[in-house]
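Peer 1: Take a look at protein-v3.txt, compact mmCIF, C-alpha atoms and all ligand atoms:
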# COMPACT_ATOMS: atom_id res chain seq x y z
CA MET A 1389 -16.76 25.47 -9.44
CA ASN A 1390 -12.98 25.33 -9.57
CA SER A 1391 -10.68 23.46 -7.16
CA LYS A 1392 -9.84 26.52 -5.09
CA VAL A 1393 -13.50 27.40 -4.54
CA LEU A 1394 -14.41 23.78 -3.83
CA PHE A 1395 -11.59 23.46 -1.32
CA ASN A 1396 -12.67 26.58 0.55
CA GLU A 1397 -16.27 25.44 0.50
CA GLY A 1398 -15.39 21.86 1.46
CA LYS A 1399 -13.39 22.96 4.50
CA ASN A 1400 -16.63 24.20 6.07
CA TYR A 1401 -18.16 20.74 5.98
CA ILE A 1402 -15.30 18.23 5.81
CA PRO A 1403 -12.31 18.52 8.20
CA GLY A 1404 -9.44 19.97 6.19
CA GLY A 1405 -11.57 19.73 3.06
CA VAL A 1406 -10.40 16.17 2.32
CA SER A 1407 -11.51 12.67 3.32
CA SER A 1408 -8.00 11.50 4.22
CA PRO A 1409 -5.03 13.60 5.37
CA VAL A 1410 -2.67 12.29 2.68
CA ARG A 1411 -4.82 14.02 0.05
CA ALA A 1412 -4.12 17.53 1.38
CA PHE A 1413 -1.31 19.51 -0.20
CA LYS A 1414 -0.50 23.20 -0.47
CA PRO A 1415 -1.98 25.53 -1.42
CA TYR A 1416 -4.95 23.24 -2.11
CA PRO A 1417 -5.49 19.86 -3.78
CA PHE A 1418 -7.04 19.61 -7.22
CA PHE A 1419 -10.59 18.28 -7.23
CA VAL A 1420 -11.09 15.39 -9.61
CA LYS A 1421 -13.54 15.38 -12.49
CA CYS A 1422 -12.69 11.98 -13.93
CA GLY A 1423 -10.00 9.45 -14.69
CA HIS A 1424 -9.38 7.40 -17.84
CA GLY A 1425 -6.49 5.01 -18.35
CA SER A 1426 -3.25 6.60 -17.16
CA LYS A 1427 -4.77 10.08 -16.88
CA ILE A 1428 -6.70 11.90 -14.20
CA GLU A 1429 -8.50 15.16 -14.97
CA ASP A 1430 -9.42 17.94 -12.55
CA VAL A 1431 -12.39 20.29 -12.52
CA ASP A 1432 -10.08 23.13 -13.66
CA GLY A 1433 -9.51 21.41 -17.01
CA ASN A 1434 -6.00 20.06 -16.25
CA LYS A 1435 -5.02 16.54 -17.23
CA TYR A 1436 -2.27 14.64 -15.42
CA ILE A 1437 -0.43 11.40 -16.06
CA ASP A 1438 -1.25 9.66 -12.80
CA TYR A 1439 1.35 7.76 -10.74
CA CYS A 1440 -0.71 7.92 -7.54
CA LEU A 1441 -3.42 5.69 -8.98
CA ALA A 1442 -5.60 6.06 -5.88
CA TYR A 1443 -2.54 5.06 -3.78
CA GLY A 1444 -2.14 1.75 -5.56
CA PRO A 1445 -5.37 -0.07 -6.44
CA LEU A 1446 -5.62 0.98 -10.09
CA ILE A 1447 -3.18 -1.46 -11.65
CA LEU A 1448 -5.45 -1.49 -14.74
CA GLY A 1449 -5.60 2.31 -14.85
CA HIS A 1450 -8.69 4.45 -14.33
CA SER A 1451 -12.14 3.27 -15.44
CA ASN A 1452 -11.12 0.24 -17.47
CA GLU A 1453 -13.86 0.11 -20.10
CA GLU A 1454 -14.47 -3.63 -19.89
CA LEU A 1455 -14.53 -3.53 -16.08
CA VAL A 1456 -16.99 -0.64 -16.00
CA LYS A 1457 -19.28 -2.45 -18.45
CA SER A 1458 -19.29 -5.66 -16.47
CA ILE A 1459 -19.79 -3.88 -13.13
CA TYR A 1460 -22.70 -1.98 -14.66
CA GLU A 1461 -24.37 -5.34 -15.31
CA ASP A 1462 -23.53 -6.51 -11.77
CA LEU A 1463 -25.04 -3.37 -10.26
CA LYS A 1464 -28.41 -4.28 -11.74
CA LEU A 1465 -28.37 -7.42 -9.58
CA GLY A 1466 -28.02 -5.57 -6.30
CA THR A 1467 -25.27 -3.87 -4.35
CA ALA A 1468 -25.19 -5.72 -1.02
CA TYR A 1469 -27.06 -8.72 0.37
CA GLY A 1470 -25.91 -9.58 3.88
CA ALA A 1471 -25.75 -13.16 2.62
CA PRO A 1472 -23.00 -15.11 0.84
CA THR A 1473 -22.47 -15.24 -2.92
CA GLU A 1474 -20.71 -17.67 -5.23
CA ALA A 1475 -18.46 -14.84 -6.38
CA GLU A 1476 -16.81 -14.73 -2.94
CA ILE A 1477 -15.76 -18.35 -3.35
CA THR A 1478 -14.53 -17.63 -6.88
CA LEU A 1479 -12.33 -14.78 -5.65
CA ALA A 1480 -11.13 -16.73 -2.61
CA LYS A 1481 -10.11 -19.63 -4.89
CA LYS A 1482 -8.26 -17.25 -7.21
CA VAL A 1483 -6.24 -15.85 -4.30
CA VAL A 1484 -5.54 -19.31 -2.86
CA ASP A 1485 -4.51 -20.46 -6.31
CA ARG A 1486 -2.04 -17.61 -6.80
CA VAL A 1487 -0.62 -16.99 -3.34
CA PRO A 1488 1.30 -20.00 -2.03
CA TYR A 1489 0.83 -19.10 1.66
CA VAL A 1490 -2.92 -18.46 1.59
CA ASP A 1491 -5.20 -21.46 2.26
CA MET A 1492 -8.23 -19.46 3.39
CA ILE A 1493 -9.26 -15.83 3.27
CA ARG A 1494 -11.78 -13.43 4.87
CA PHE A 1495 -12.93 -10.42 2.84
CA VAL A 1496 -13.28 -7.14 4.74
CA ASN A 1497 -13.61 -3.52 3.62
CA SER A 1498 -10.20 -1.91 3.89
CA GLY A 1499 -6.55 -2.55 4.58
CA THR A 1500 -7.07 -1.09 8.04
CA GLU A 1501 -9.67 -3.71 8.90
CA ALA A 1502 -7.48 -6.41 7.43
CA THR A 1503 -4.47 -5.67 9.68
CA MET A 1504 -6.69 -5.09 12.73
CA SER A 1505 -8.30 -8.49 12.23
CA ALA A 1506 -5.06 -10.33 11.42
CA ILE A 1507 -3.51 -8.97 14.62
CA ARG A 1508 -6.55 -10.10 16.61
CA LEU A 1509 -6.26 -13.54 15.05
CA ALA A 1510 -2.56 -13.78 15.93
CA ARG A 1511 -3.33 -12.74 19.51
CA GLY A 1512 -6.27 -15.12 19.77
CA PHE A 1513 -4.27 -18.02 18.39
CA THR A 1514 -1.15 -17.52 20.50
CA GLY A 1515 -2.80 -16.19 23.67
CA ARG A 1516 -0.11 -13.48 23.69
CA ASN A 1517 -0.51 -9.69 23.74
CA LYS A 1518 2.43 -7.92 22.13
CA ILE A 1519 3.03 -7.19 18.48
CA LEU A 1520 6.17 -5.94 16.80
CA LYS A 1521 6.16 -3.61 13.82
CA PHE A 1522 8.81 -1.53 12.06
CA ASP A 1523 9.40 2.22 12.30
CA GLY A 1524 7.65 3.86 9.35
CA GLY A 1525 5.51 0.80 8.64
CA TYR A 1526 1.94 1.89 7.96
CA HIS A 1527 -0.77 -0.66 8.61
CA GLY A 1528 -3.82 1.54 8.44
CA ALA A 1529 -5.37 3.99 10.87
CA HIS A 1530 -6.45 1.80 13.81
CA ASP A 1531 -5.12 2.23 17.33
CA TYR A 1532 -2.74 -0.76 17.64
CA VAL A 1533 -0.55 0.20 14.69
CA LEU A 1534 -0.33 4.00 14.90
CA VAL A 1535 3.05 3.75 16.58
CA LYS A 1536 5.81 5.40 14.52
CA PRO A 1537 3.67 5.02 11.37
CA GLY A 1538 4.72 6.02 7.88
CA SER A 1539 2.52 7.65 5.21
CA GLY A 1540 0.53 10.61 6.59
CA GLY A 1541 1.68 9.57 10.07
CA ALA A 1542 5.23 10.51 9.12
CA THR A 1543 4.25 14.18 8.97
CA SER A 1544 1.71 14.12 11.82
CA PRO A 1545 2.76 11.37 14.24
CA ASP A 1546 1.37 10.71 17.74
CA SER A 1547 -2.35 10.92 17.06
CA LEU A 1548 -4.43 12.09 19.99
CA GLY A 1549 -7.18 9.78 21.15
CA ILE A 1550 -5.17 6.58 21.44
CA PRO A 1551 -4.93 5.39 25.04
CA LYS A 1552 -1.37 4.53 26.13
CA ASP A 1553 -2.80 1.25 27.42
CA THR A 1554 -3.71 0.34 23.84
CA THR A 1555 -0.25 0.87 22.37
CA LYS A 1556 1.81 -0.38 25.31
CA ASN A 1557 1.78 -3.77 23.59
CA THR A 1558 3.02 -2.42 20.26
CA LEU A 1559 6.79 -2.49 19.84
CA SER A 1560 8.48 -0.76 16.92
CA VAL A 1561 12.04 -1.29 15.69
CA PRO A 1562 14.07 -0.02 12.71
CA PHE A 1563 13.60 -1.90 9.42
CA ASN A 1564 16.64 -3.75 8.05
CA ASP A 1565 18.45 -3.78 11.41
CA GLU A 1566 19.05 -7.41 12.38
CA ASN A 1567 20.72 -6.69 15.74
CA ILE A 1568 17.99 -4.54 17.27
CA LEU A 1569 15.34 -6.87 15.88
CA GLU A 1570 16.89 -9.98 17.44
CA LYS A 1571 17.43 -8.20 20.75
CA VAL A 1572 13.83 -6.96 21.02
CA VAL A 1573 12.34 -10.29 19.92
CA LEU A 1574 14.43 -12.14 22.49
CA GLU A 1575 13.43 -9.76 25.28
CA ASN A 1576 9.73 -10.15 24.45
CA LYS A 1577 9.47 -13.64 22.98
CA ASP A 1578 7.14 -15.08 25.63
CA ASP A 1579 4.45 -12.46 25.02
CA LEU A 1580 5.00 -11.68 21.35
CA ALA A 1581 1.95 -12.70 19.28
CA ALA A 1582 2.97 -11.31 15.90
CA ILE A 1583 5.51 -9.51 13.82
CA ILE A 1584 3.78 -7.40 11.20
CA VAL A 1585 5.84 -6.06 8.32
CA GLU A 1586 5.42 -4.44 4.93
CA PRO A 1587 7.74 -6.71 2.91
CA VAL A 1588 8.61 -3.60 0.92
CA MET A 1589 8.33 -0.48 3.08
CA ALA A 1590 6.12 1.54 0.75
CA ASN A 1591 4.89 4.12 3.26
CA ILE A 1592 8.28 5.75 3.74
CA GLY A 1593 8.89 6.00 -0.02
CA CYS A 1594 10.02 2.60 -1.23
CA VAL A 1595 12.53 0.60 0.81
CA GLU A 1596 13.31 -3.02 -0.01
CA PRO A 1597 14.36 -5.55 2.60
CA LYS A 1598 18.10 -6.29 2.76
CA VAL A 1599 18.97 -9.75 1.48
CA GLY A 1600 18.16 -12.21 4.27
CA PHE A 1601 16.10 -9.79 6.39
CA LEU A 1602 12.72 -11.41 5.70
CA LYS A 1603 14.30 -14.85 6.14
CA LEU A 1604 15.51 -13.75 9.57
CA LEU A 1605 11.95 -12.70 10.46
CA ARG A 1606 10.71 -16.11 9.37
CA ALA A 1607 13.38 -17.88 11.42
CA LEU A 1608 12.70 -15.85 14.58
CA CYS A 1609 8.96 -16.44 14.28
CA ASP A 1610 9.50 -20.18 13.79
CA GLU A 1611 11.82 -20.38 16.77
CA TYR A 1612 9.58 -18.55 19.23
CA GLY A 1613 6.09 -19.44 17.99
CA ILE A 1614 5.37 -15.92 16.75
CA ILE A 1615 2.91 -15.32 13.88
CA LEU A 1616 4.55 -13.62 10.91
CA ILE A 1617 2.16 -11.24 9.15
CA PHE A 1618 3.10 -9.73 5.80
CA ASP A 1619 1.09 -6.58 5.27
CA GLU A 1620 0.60 -6.84 1.51
CA VAL A 1621 -1.98 -4.09 1.16
CA ILE A 1622 0.43 -2.44 -1.29
CA THR A 1623 2.65 -5.32 -2.47
CA GLY A 1624 -0.21 -7.81 -2.88
CA PHE A 1625 -0.76 -8.45 -6.62
CA ARG A 1626 1.51 -5.44 -7.26
CA VAL A 1627 5.01 -6.96 -7.18
CA SER A 1628 4.05 -10.32 -8.68
CA ARG A 1629 1.16 -12.69 -9.35
CA GLY A 1630 1.94 -14.60 -6.15
CA CYS A 1631 2.56 -11.41 -4.11
CA ALA A 1632 5.64 -10.40 -2.11
CA GLY A 1633 6.09 -13.67 -0.24
CA GLU A 1634 6.50 -15.44 -3.55
CA TYR A 1635 8.67 -12.62 -4.93
CA PHE A 1636 11.12 -12.80 -2.02
CA GLY A 1637 10.78 -16.55 -1.39
CA VAL A 1638 9.69 -16.13 2.25
CA TYR A 1639 6.19 -17.18 3.29
CA PRO A 1640 4.34 -15.53 6.19
CA ASP A 1641 1.72 -17.25 8.37
CA LEU A 1642 -0.84 -14.55 7.58
CA ALA A 1643 -1.05 -11.88 4.91
CA THR A 1644 -3.21 -8.79 4.65
CA PHE A 1645 -4.50 -7.41 1.37
CA GLY A 1646 -6.29 -4.32 0.13
CA LYS A 1647 -6.16 -1.96 -2.85
CA ILE A 1648 -5.69 -4.16 -5.98
CA ILE A 1649 -7.75 -7.06 -4.60
CA GLY A 1650 -10.89 -4.89 -4.83
CA GLY A 1651 -10.23 -3.82 -8.42
CA GLY A 1652 -10.67 -0.13 -7.57
CA PHE A 1653 -13.61 -0.64 -5.20
CA PRO A 1654 -13.37 -0.66 -1.39
CA MET A 1655 -12.07 -3.96 -0.10
CA GLY A 1656 -9.51 -5.54 2.17
CA ALA A 1657 -8.78 -9.14 3.08
CA PHE A 1658 -6.63 -11.29 5.30
CA GLY A 1659 -5.66 -14.86 4.77
CA GLY A 1660 -3.11 -17.51 5.48
CA LYS A 1661 -2.66 -20.96 6.93
CA LYS A 1662 -5.83 -22.98 7.42
CA GLU A 1663 -5.00 -23.87 11.04
CA LEU A 1664 -4.96 -20.12 11.78
CA MET A 1665 -7.86 -18.99 9.61
CA GLU A 1666 -10.20 -21.64 11.01
CA ASN A 1667 -10.15 -19.68 14.26
CA ILE A 1668 -12.14 -16.88 12.63
CA ALA A 1669 -15.85 -16.71 13.58
CA PRO A 1670 -18.12 -18.48 12.88
CA ALA A 1671 -15.66 -21.35 12.33
CA GLY A 1672 -13.74 -20.34 15.46
CA LYS A 1673 -13.69 -17.97 18.38
CA VAL A 1674 -11.86 -14.93 17.00
CA TYR A 1675 -14.62 -12.47 16.17
CA GLN A 1676 -14.60 -10.63 12.87
CA ALA A 1677 -17.66 -9.23 11.11
CA GLY A 1678 -18.81 -6.50 8.71
CA THR A 1679 -22.00 -5.38 6.96
CA PHE A 1680 -20.15 -4.91 3.68
CA ASN A 1681 -17.69 -7.83 4.04
CA GLY A 1682 -17.43 -9.62 0.72
CA ASN A 1683 -19.40 -6.88 -1.01
CA PRO A 1684 -20.58 -8.31 -4.35
CA ILE A 1685 -19.44 -5.33 -6.43
CA SER A 1686 -15.97 -5.17 -4.91
CA VAL A 1687 -15.63 -8.93 -5.20
CA LYS A 1688 -16.63 -8.91 -8.89
CA ALA A 1689 -14.19 -6.09 -9.60
CA GLY A 1690 -11.50 -8.08 -7.77
CA ILE A 1691 -12.20 -11.16 -9.88
CA PHE A 1692 -12.09 -9.12 -13.08
CA THR A 1693 -8.79 -7.56 -12.07
CA LEU A 1694 -7.01 -10.72 -10.90
CA ASP A 1695 -8.03 -12.41 -14.16
CA LYS A 1696 -6.01 -9.81 -16.08
CA LEU A 1697 -2.88 -10.26 -14.00
CA ASP A 1698 -0.83 -12.98 -15.64
CA HIS A 1699 2.95 -13.28 -15.88
CA ILE A 1700 3.05 -11.38 -19.20
CA PHE A 1701 1.18 -8.51 -17.56
CA TYR A 1702 3.73 -8.31 -14.72
CA LYS A 1703 6.67 -8.52 -17.15
CA SER A 1704 5.30 -5.62 -19.15
CA LEU A 1705 4.70 -3.57 -15.99
CA LYS A 1706 8.22 -4.29 -14.77
CA ASP A 1707 9.58 -3.09 -18.12
CA LYS A 1708 7.76 0.20 -17.59
CA GLY A 1709 9.17 0.46 -14.06
CA ASP A 1710 12.66 -0.32 -15.33
CA PHE A 1711 12.33 2.37 -18.00
CA ILE A 1712 11.55 5.05 -15.42
CA ARG A 1713 14.17 3.87 -12.91
CA ASN A 1714 16.91 3.41 -15.52
CA SER A 1715 16.20 6.77 -17.16
CA LEU A 1716 16.40 8.51 -13.78
CA GLU A 1717 19.61 6.64 -12.91
CA GLU A 1718 21.21 7.71 -16.21
CA PHE A 1719 20.13 11.25 -15.61
CA LYS A 1720 21.53 11.13 -12.08
CA ASP A 1721 24.92 9.89 -13.32
CA GLU A 1722 25.14 12.39 -16.18
CA ASN A 1723 24.30 15.31 -13.90
CA LEU A 1724 26.05 14.10 -10.74
CA LEU A 1725 22.88 14.38 -8.69
CA ASN A 1726 22.67 13.48 -5.01
CA ILE A 1727 19.52 11.42 -5.26
CA GLN A 1728 18.55 7.79 -4.72
CA VAL A 1729 16.35 6.11 -7.32
CA VAL A 1730 14.48 3.23 -5.71
CA GLY A 1731 11.74 0.72 -6.45
CA LEU A 1732 10.91 -2.62 -7.97
CA ALA A 1733 8.34 -3.99 -10.39
CA SER A 1734 5.83 -1.16 -11.02
CA MET A 1735 6.77 0.80 -7.87
CA PHE A 1736 9.27 3.66 -7.78
CA GLN A 1737 10.35 6.71 -5.84
CA ILE A 1738 13.30 9.05 -5.46
CA TYR A 1739 14.96 10.32 -2.30
CA PHE A 1740 16.89 13.56 -2.12
CA ASN A 1741 19.62 11.84 -0.17
CA ASP A 1742 23.25 11.10 -0.95
CA LYS A 1743 23.14 7.79 0.95
CA PRO A 1744 21.09 4.65 0.33
CA VAL A 1745 17.86 4.72 2.32
CA LEU A 1746 17.46 1.54 4.36
CA ASN A 1747 14.92 2.59 6.94
CA TYR A 1748 12.63 5.31 8.27
CA GLU A 1749 15.37 7.33 10.00
CA LEU A 1750 17.29 7.66 6.73
CA ALA A 1751 14.10 8.40 4.77
CA LYS A 1752 13.39 11.25 7.19
CA LYS A 1753 16.86 12.66 6.51
CA SER A 1754 16.01 13.08 2.84
CA GLY A 1755 15.38 16.61 1.56
CA THR A 1756 11.64 16.98 1.89
CA ASP A 1757 11.79 20.62 0.70
CA ASN A 1758 13.37 19.40 -2.49
CA PHE A 1759 10.67 16.76 -2.72
CA SER A 1760 7.96 19.44 -2.46
CA TYR A 1761 9.62 21.43 -5.23
CA TYR A 1762 9.86 18.28 -7.36
CA PHE A 1763 6.19 17.40 -6.70
CA ASN A 1764 5.01 20.90 -7.61
CA HIS A 1765 7.11 21.07 -10.77
CA LEU A 1766 5.67 17.74 -11.88
CA LEU A 1767 2.12 18.83 -11.08
CA LYS A 1768 2.53 22.09 -13.03
CA ASN A 1769 3.67 20.04 -16.00
CA GLY A 1770 0.90 17.46 -15.99
CA ILE A 1771 2.36 14.67 -13.84
CA PHE A 1772 0.65 13.62 -10.61
CA ILE A 1773 2.59 11.64 -8.02
CA PRO A 1774 1.59 11.21 -4.35
CA PRO A 1775 2.37 14.56 -2.70
CA SER A 1776 4.74 13.15 -0.07
CA GLN A 1777 8.22 11.70 0.19
CA PHE A 1778 6.66 9.04 2.45
CA GLU A 1779 4.58 7.40 -0.29
CA CYS A 1780 5.37 5.34 -3.37
CA CYS A 1781 4.59 5.91 -7.06
CA PHE A 1782 2.74 3.25 -9.06
CA ILE A 1783 2.46 2.38 -12.76
CA SER A 1784 -0.53 0.78 -14.54
CA ASN A 1785 -0.70 -1.19 -17.78
CA THR A 1786 -2.30 1.88 -19.40
CA HIS A 1787 0.85 4.00 -19.04
CA SER A 1788 2.13 4.27 -22.61
CA GLN A 1789 5.75 4.66 -23.70
CA GLU A 1790 4.84 8.24 -24.62
CA ASP A 1791 3.57 8.82 -21.05
CA LEU A 1792 6.75 7.38 -19.58
CA GLU A 1793 9.05 9.41 -21.85
CA LYS A 1794 7.20 12.62 -21.10
CA THR A 1795 7.38 11.79 -17.39
CA VAL A 1796 11.13 11.20 -17.23
CA ASN A 1797 11.79 14.36 -19.26
CA ILE A 1798 9.78 16.47 -16.83
CA MET A 1799 11.33 14.71 -13.84
CA GLY A 1800 14.73 15.48 -15.33
CA ASP A 1801 13.81 19.17 -15.71
CA ALA A 1802 12.69 19.29 -12.07
CA LEU A 1803 15.88 17.62 -10.84
CA ASN A 1804 18.03 19.99 -12.89
CA LEU A 1805 16.25 22.99 -11.40
CA ILE A 1806 16.79 21.62 -7.88
CA LYS A 1807 20.50 20.97 -8.56
C1 LIG B 1901 0.76 -1.33 3.81
C2 LIG B 1901 -0.59 -0.78 4.14
N1 LIG B 1901 -1.33 -1.39 5.06
C3 LIG B 1901 -2.57 -0.97 5.37
C4 LIG B 1901 -3.10 0.14 4.77
C5 LIG B 1901 -4.48 0.61 5.12
O1 LIG B 1901 -5.34 0.40 4.06
P1 LIG B 1901 -6.69 1.25 3.92
O2 LIG B 1901 -6.28 2.65 3.61
O3 LIG B 1901 -7.43 0.56 2.83
O4 LIG B 1901 -7.39 1.14 5.23
C6 LIG B 1901 -2.35 0.81 3.81
C7 LIG B 1901 -2.93 2.00 3.15
O5 LIG B 1901 -2.34 2.72 2.58
C8 LIG B 1901 -1.07 0.35 3.50
O6 LIG B 1901 -0.30 0.98 2.60
N1 LIG B 1902 -0.02 4.91 1.56
C1 LIG B 1902 -1.01 5.44 2.40
C2 LIG B 1902 -2.32 5.29 1.79
O1 LIG B 1902 -2.45 4.69 0.76
C3 LIG B 1902 -3.46 5.92 2.43
C4 LIG B 1902 -4.46 6.41 1.45
C5 LIG B 1902 -5.48 7.29 2.08
O2 LIG B 1902 -5.68 7.27 3.30
O3 LIG B 1902 -6.11 8.06 1.32
Take the structure from the file and write it as structure tokens.

Peer 2:
Amino acid sequence: MNSKVLFNEGKNYIPGGVSSPVRAFKPYPFFVKCGHGSKIEDVDGNKYIDYCLAYGPLILGHSNEELVKSIYEDLKLGTAYGAPTEAEITLAKKVVDRVPYVDMIRFVNSGTEATMSAIRLARGFTGRNKILKFDGGYHGAHDYVLVKPGSGGATSPDSLGIPKDTTKNTLSVPFNDENILEKVVLENKDDLAAIIVEPVMANIGCVEPKVGFLKLLRALCDEYGIILIFDEVITGFRVSRGCAGEYFGVYPDLATFGKIIGGGFPMGAFGGKKELMENIAPAGKVYQAGTFNGNPISVKAGIFTLDKLDHIFYKSLKDKGDFIRNSLEEFKDENLLNIQVVGLASMFQIYFNDKPVLNYELAKKSGTDNFSYYFNHLLKNGIFIPPSQFECCFISNTHSQEDLEKTVNIMGDALNLIK
């Protein structure tokens, strides 16, 4: 069956025909047959160079041969036990070793569970109720954080089914705006348990913090006894070996992880200072549990993946990111285009905007019609990026120079047609 037929069939059994709203695009999404290295192939026989990479986890590309072989051996030993394994300790140690602000870690199943649990821990530890997030920050699909969310929430905000009582304790302010931030923190300091932030706002495209912004967060949290949570579900093991806190030189109290830490299998995690983490059950009184927590297959894939990520790996990935960003910048200058090329390390995006994009409001003012045209032109020519302006593109170590050159040429064609 081809993608069109599958989509029409799927819609009868699966709401919208997809298992997550971000996967739907018009007229219908392609259905995947397989992925190898930098390429993903659909059931219609098309092959795409993939910059979605499952929304970030696949830093080693699709179906890394060595990983698949070793997981195949692991599968023979069982897929879940409901009892601890040595591999969990091995992975925990690897994270603690790499990430300077993580002393202890709990493995869960998704980024959503990670942020939900980290917020509970911050509330349990401080005895306070409120949390502060940033407009366009996406921290998963649970009730507390679906307030002005980015990602799919940017196009369908205000989900039904969330009681106002649940979100009355969630404050949201613009990213990169020191004045509003300080004002809101001051007004709420006595009941503010946590500030949760994506150190790079990767669910509104890709917006970096202004110099000093994360430091200000750290200082405010220190002054008023607020827990600083970096949501590193995207930036964790993506921007550097020691994650975004190391990259920017600002350490949070807690960090949440997902995507790369599971090596392409479902996993999330949260970790941080020992004095905080020791409050997690059964060591402490903040409850957190899960049938598949620390799943042996995800944990083994995580270990395999982290073992590949040394400084040379990140340097090579950054070079690939620089190639794409620099080529697009040159193209922009030569053709006098009104676009913004953004990103860092192996993350990139463009905005159809003549002004720098510092926050969600400005991201929303970018030309989303142009973005749709750009996405479709790329897709028609064998390049797959996430189908929304409010997502980020990712590069793996399997993206070859040939892939990158082909990509920037096709991107250039699309931009010229839009001009
Ligand atoms: C920054 C961030 N936090 C949390 C999540 C939620 O992770 P998951 O989709 O694994 O629940 C995402 C997912 O995209 C994310 O980008
Ligand atoms: N940046 C948003 C996501 O990665 C979400 C993926 C999904 O729900 O499929």

Peer 1: Enter the distance from CA of Ser1734 in chain A to CA of Gly1709 in chain A, in Å, rounded to one decimal.

Peer 2: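 Separation of CA of Ser1734 in chain A and CA of Gly1709 in chain A: 4.8 Å.
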
Peer 1: Quick one: residues within 7 Å of ligand LIG 1902 (chain B), with all atoms listed in the file, as a list in words?

Peer 2: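 Here is the list of contacting residues: Ser1408, Pro1409, Val1410, Arg1411, Tyr1443, Gly1444, Ser1539, Gly1540, Asn1591 and Glu1779 of chain A.
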
Peer 1: Just C-alpha atoms for this one: save the residues we selected as a compact mmCIF listing (two decimals), keeping the file's coordinate frame.

Peer 2:
# COMPACT_ATOMS: atom_id res chain seq x y z
CA SER A 1408 -8.00 11.50 4.22
CA PRO A 1409 -5.03 13.60 5.37
CA VAL A 1410 -2.67 12.29 2.68
CA ARG A 1411 -4.82 14.02 0.05
CA TYR A 1443 -2.54 5.06 -3.78
CA GLY A 1444 -2.14 1.75 -5.56
CA SER A 1539 2.52 7.65 5.21
CA GLY A 1540 0.53 10.61 6.59
CA ASN A 1591 4.89 4.12 3.26
CA GLU A 1779 4.58 7.40 -0.29

Peer 1: Report, as AutoDock Vina command-line options, the centre and edge lengths in Å (one decimal) of the axis-aligned box enclosing every listed atom of ligand LIG 1901 (chain B), padded by 4 Å on each side.

Peer 2:
--center_x -3.3 --center_y 0.7 --center_z 4.0 --size_x 16.2 --size_y 12.1 --size_z 10.8

Peer 1: Tell me, as an MDAnalysis selection string, which residues lie within 7 Å of Ile1519 in chain A, counting all atoms listed in the file; anything in the same chain fewer than 4 positions away does not count.

Peer 2: chainID A and resid 1557:1559 1580:1583

Peer 1: Quick one: residues within 10 Å of Glu1749 in chain A, all atoms listed in the file, excluding same-chain residues fewer than 4 positions away - as a PyMOL selection string?

Peer 2: chain A and resi 1523-1524+1562-1563+1592+1745+1753-1754

Peer 1: Of the residues A:Phe1692, A:Tyr1702, A:Tyr1761, A:Phe1522, which is the one nearest to ligand LIG 1901 (chain B), using only C-alpha atoms and all ligand atoms?

Peer 2: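 Closest to ligand LIG 1901 (chain B), using only C-alpha atoms and all ligand atoms: A:Phe1522.
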
Peer 1: Compile the contact shell of Lys1706 in chain A as a short mmCIF file (atom, residue, chain, number, x, y, z; two decimals) with C-alpha atoms, in the frame of the given file: residues with an atom at most 9 Å away, counting all atoms listed in the file, same-chain residues fewer than 5 positions apart removed.

Peer 2:
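File selection_27.cif, as written:
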data_model
loop_
_atom_site.label_atom_id
_atom_site.label_comp_id
_atom_site.auth_asym_id
_atom_site.auth_seq_id
_atom_site.Cartn_x
_atom_site.Cartn_y
_atom_site.Cartn_z
CA VAL A 1627 5.01 -6.96 -7.18
CA PHE A 1701 1.18 -8.51 -17.56
CA PHE A 1711 12.33 2.37 -18.00
CA LEU A 1732 10.91 -2.62 -7.97
CA ALA A 1733 8.34 -3.99 -10.39
CA SER A 1734 5.83 -1.16 -11.02
CA MET A 1735 6.77 0.80 -7.87
#

Peer 1: Between A:Lys1720, A:His1527, A:Lys1435, A:Lys1481, which one has atoms that come closest to Phe1645 in chain A, using all atoms listed in the file?

Peer 2: A:His1527
